[in-house]
Amino acid sequence: MSDSRLERATTFPRVAVAALVLSTAGPAGAQDGGSAPAAPAIDPVPDAPKGEPAPPPASGQAGTAAASVSSKFDSAQPEGTFVPTFKFKLYSDVNFVLTEHQDPAFKIGGADFFITGDLSEDFSALSENVLEILGEEGTVFDLERIYLEWHPKRWFKVRFGRDHLMLGRYMQTYHHALFFQLATARPTMLSFEDEGGLLPAHQIGIEVLGDIAMGELDLHYALGIGNGRGQFSDDVLSTQDRNAFKSMVGQLSLMPRFLPGFEVGVSGYLDRIPPGFTDGTGRVLLAEAVDEQIGGAHIVYASYPVEAHAEGYYLVHKGRDTGVSSHLLGGFGQIGVSFEQWTPYARIEGVDRSVGDTFFNISGAATRLLELRGGIRYGLNDQAVLKLEYRRDFENQINGAVLQAAFGM
Amino acid sequence: MADRSISRRRFSQLACSVGLGLGCARLAHADEYVLVVHPSVGQKETTLDRIRGILSLREGQWENSAPVVLVLPPRRSGPIVWIAEGLLRMPESTYRRLVLAQVFRGAAREPVATESLLDVAKAVASRRGAISALPRSAVPEDVVVLALRA
């Protein structure tokens with residue numbers, strides 16, 4: 001914006017402000033008519049803090065706005081009229097992976113198509129779809145999350161659709177995009193079903209959640225009911241169920257207002273795994289229905305400059321006919337401390353499960369895991385990060401390293 | 001209200017002393033900026049803890065259940081630096097990543113991005129539940145200044 005135009009704006013505020021609206025908001029601004037606020041003192045270009053160099057032209061640095069294609073239309077929304085919005089973002093990552101006893105390789109992560117829509121003041125919708133590259137098996141386009149949310153009150157929201165299970169905090173906070181995650185990969189235990197995860201990650205059904213103000217504390221609750229597990233880990237039942245029993249999940253956590261980012265909570269999950277899984281020869285491997293019970297606890301402090309997160313789970317599988325029980329105990333702890341754009345971090349994870357758990361054996365899940373990761377994350381800008389990480393698998397005595405660039409647009 | 005309000009100069013001194021040195025030079029000018037909200041929010045003052053929850057989108061609804069609509073001032077502008085470094089004590093890029101993360105987890109609405117402070121004033125004035133920051137000297141009549149109290 002030139003000085004001469006700014007001068008005109010202060011001299012003839014209403015006319016000039018209208019002209020500025022047209023010049024900065026384009027055609028959308030024209031829908032607004034004369035509703036622009038009469039604010040002649042406002043500098044129409046970003047003002048740099050004193051002592052700072054003047055910012056480059058705004059047009060070349062839309063940043064977050066780049067993906068929010070409707071932002072100009074949003075700002076042109078007349079008072080009292082709700083304009084439904086539709087926003088699209090894409091997240092992905094590229095990696096260079098070094099693993100002991102394997103050839104070093106470049107690896108492309110999935111392309112995460114993330115869509116949100118505000119349907120009305122009380123309704124919104126969200127969808128996350130990931131284009132995954134499976135190597136020689138080609139690519140798949142997976143619908144990971146899609147739900148309609150009704151949120152009439154802060155303490156009462158309802159989600160209807162497919163979501164990541166409300167178990168612990170990692171599952172609900174870090175979805176498929178690695179851009180937001182501290183390390184280069186999810187904790188193995190919390191990996192998704194098709195990546196060898198041990199816990200159910202998706203729920204197709206209904207969830208009720210909210211935050212209840214209790215003085216200086218917020219009580220967060222979540223309750224869900226859904227289809228539950230199929231006959232093996234990656235048998236996620238999006239369009240049918242294999243038994244009448246519905247999985248149930250519940251969560252309670254406390255968040256003190258005087259310590260933003262801190263949360264401590266517990267979760268529980270109940271399901272009945274259907275029998276009948278057969279191998280390639282037709283032999284039935286899972287001959288009986290299995291009751292699944294999961295209990296978990298989490299403690300999180302997600303703030304700046306410290307980000308710390310720990311979760312632990314205890315899982316029981318019990319045969320409905322034989323009464324044979326299998327157990328799993330696992331968890332992780334991670335911490336990162338930021339120094340401006342640099343965030344060194346570390347994570348340790350351990351899992352131990354019964355060798356005879358048929359449900360997990362079908363998927364070839366490891367029986368024991370002890371892994372340490374340490375690395376550093378560098379924020380290239382607000383939409384791209386670079387991570388360099390060392391990994392030690394103590395169980396298999398394997399070292400590895402990953403260089404990852406994760407980004408969004 | 002005046003006696004309960006935090007002096008922004010006092011706040012900036014405090015934030016400067018505990019904020020790991022972040023943006024101390026910029027905080028010296030903290031008096032220049034104020035938080036502004038759409039009149040539908042129904043509040044004229046709030047606490048620093050509460051506003052931190054709102055600005056970081058950890059809280060997605062106002063006390064009257066109106067959805068929080070975060071209007072992000074232009075990149076590297078005084079108001080966004082004041083929000084990020086002065087109120088939340090983190091670099092602007094970290095703050096923007098935090099906002100993206102809250103939207104990604106489904107906990108908040110997509111913020112409104114702006115390219116000028118005029119856009120900020122216009123967006124706050126026209127969107128129910130909107131919040132942002134503006135220079136104190138440039139607050140239009142159709143938005144409400146939100147005072148911070150202890």
# chains A, B, ... in the order shown; residues from 1 in each chain; ligands from 1
$ interface_residues --of "chain B" --to "chain A" --cutoff "7 Å" --atoms "only C-alpha atoms" --output "ChimeraX atom specification"
/B:26,49,53,61,65,74,76-78,90-91,93-94,96-97,101,105,112-113,115-119,122-123,126-127,138,140
$ write_last_selection --atoms "C-alpha atoms" --output "short mmCIF file (atom, residue, chain, number, x, y, z; two decimals), in the first residue's frame"
data_model
loop_
_atom_site.label_atom_id
_atom_site.label_comp_id
_atom_site.auth_asym_id
_atom_site.auth_seq_id
_atom_site.Cartn_x
_atom_site.Cartn_y
_atom_site.Cartn_z
CA ARG B 26 9.04 -6.05 21.66
CA ASP B 49 -5.04 -17.68 32.20
CA GLY B 53 -6.57 -20.82 26.75
CA GLN B 61 -16.03 -21.70 23.15
CA SER B 65 -21.03 -20.96 24.37
CA PRO B 74 -0.82 -10.39 9.66
CA ARG B 76 5.15 -10.35 11.82
CA SER B 77 2.78 -7.51 12.60
CA GLY B 78 2.87 -5.89 16.04
CA MET B 90 6.38 -18.30 22.39
CA PRO B 91 7.74 -17.38 18.98
CA SER B 93 5.94 -19.46 14.20
CA THR B 94 5.48 -21.78 17.19
CA ARG B 96 0.97 -20.53 14.40
CA ARG B 97 1.91 -24.23 14.53
CA ALA B 101 -2.44 -28.33 15.62
CA ARG B 105 -7.09 -32.34 16.30
CA VAL B 112 -9.39 -16.33 10.03
CA ALA B 113 -6.18 -15.23 8.34
CA GLU B 115 -3.39 -9.54 5.40
CA SER B 116 -3.76 -6.14 7.04
CA LEU B 117 -4.90 -4.64 10.32
CA LEU B 118 -7.89 -3.31 8.49
CA ASP B 119 -8.83 -6.91 7.73
CA LYS B 122 -13.26 -5.85 9.89
CA ALA B 123 -13.20 -9.56 10.73
CA SER B 126 -18.31 -8.89 11.65
CA ARG B 127 -17.87 -12.39 13.11
CA ALA B 138 -6.67 1.91 16.11
CA PRO B 140 -12.85 0.81 15.83
#
$ residues_around --residues "Arg169 (chain A)" --least-positions-apart "2" --cutoff "10 Å" --atoms "only C-alpha atoms" --output "list of chain:residue names"
A:Leu165, A:Met166, A:Leu167, A:Met171, A:Gln172, A:Thr173, A:Tyr174, A:Gln251, A:Ser253, A:Glu263, A:Val264, A:Gly265, A:Val266, A:Ser267, A:Ala297, A:His298, A:Ile299, A:Val300, A:His309, A:Ala310, A:Glu311
$ closest_residue --among "A:Val130, A:Leu315, A:Leu285, A:Ile108" --to "Gln231 (chain A)" --atoms "only C-alpha atoms"
A:Leu285
$ residues_around --residues "region 243-245 of chain A" --least-positions-apart "6" --cutoff "9 Å" --atoms "only C-alpha atoms" --output "list in words"
Asn227, Gly228, Gly230, Asp271, Arg272, Ile273 and Pro274 of chain A
$ write_last_selection --atoms "N, CA and C atoms" --output "PDB file, in the first residue's frame"
ATOM      1  N   ASN A 227     -18.382 -49.756  16.668  1.00  0.00           N
ATOM      2  CA  ASN A 227     -18.382 -51.126  16.168  1.00  0.00           C
ATOM      3  C   ASN A 227     -17.359 -52.010  16.864  1.00  0.00           C
ATOM      4  N   GLY A 228     -16.237 -51.415  17.271  1.00  0.00           N
ATOM      5  CA  GLY A 228     -15.207 -52.213  17.923  1.00  0.00           C
ATOM      6  C   GLY A 228     -14.314 -52.939  16.937  1.00  0.00           C
ATOM      7  N   GLY A 230     -12.452 -55.913  14.701  1.00  0.00           N
ATOM      8  CA  GLY A 230     -12.833 -57.041  13.858  1.00  0.00           C
ATOM      9  C   GLY A 230     -12.072 -58.283  14.293  1.00  0.00           C
ATOM     10  N   ASP A 271     -14.521 -54.206  24.788  1.00  0.00           N
ATOM     11  CA  ASP A 271     -14.971 -54.693  23.481  1.00  0.00           C
ATOM     12  C   ASP A 271     -15.045 -56.216  23.519  1.00  0.00           C
ATOM     13  N   ARG A 272     -15.673 -56.762  22.517  1.00  0.00           N
ATOM     14  CA  ARG A 272     -15.690 -58.220  22.352  1.00  0.00           C
ATOM     15  C   ARG A 272     -15.238 -58.538  20.938  1.00  0.00           C
ATOM     16  N   ILE A 273     -14.083 -59.187  20.830  1.00  0.00           N
ATOM     17  CA  ILE A 273     -13.510 -59.508  19.520  1.00  0.00           C
ATOM     18  C   ILE A 273     -14.192 -60.765  18.980  1.00  0.00           C
ATOM     19  N   PRO A 274     -14.707 -60.683  17.764  1.00  0.00           N
ATOM     20  CA  PRO A 274     -15.447 -61.842  17.221  1.00  0.00           C
ATOM     21  C   PRO A 274     -14.515 -62.984  16.823  1.00  0.00           C
TER      22      PRO A 274
END
$ select_by_dssp --residues "region 28-124 of chain B" --states "helix (DSSP H, G or I)" --output "MDAnalysis selection string"
chainID B and resid 30:32 39:41 48:55 78:87 92:104 117:124
$ residues_around --residues "Val103 (chain B)" --least-positions-apart "5" --cutoff "10 Å" --atoms "only C-alpha atoms" --output "ChimeraX atom specification"
/A:116,126 /B:57-58,60,97-98,108-111
$ atom_distance --atom1 "CA of Leu372 (chain A)" --atom2 "CA of Phe262 (chain A)"
24.1 Å
$ atom_distance --atom1 "CA of Gly135 (chain A)" --atom2 "CA of Ala105 (chain A)"
12.3 Å
$ residues_around --residues "Pro39 (chain B)" --least-positions-apart "4" --cutoff "10 Å" --atoms "only C-alpha atoms" --output "number ranges by chain"
B: 43-44, 124-131, 142-145
$ residues_around --residues "Ile133 (chain A)" --least-positions-apart "4" --cutoff "12 Å" --atoms "only C-alpha atoms" --output "number ranges by chain"
A: 92-94, 107-112, 137-142
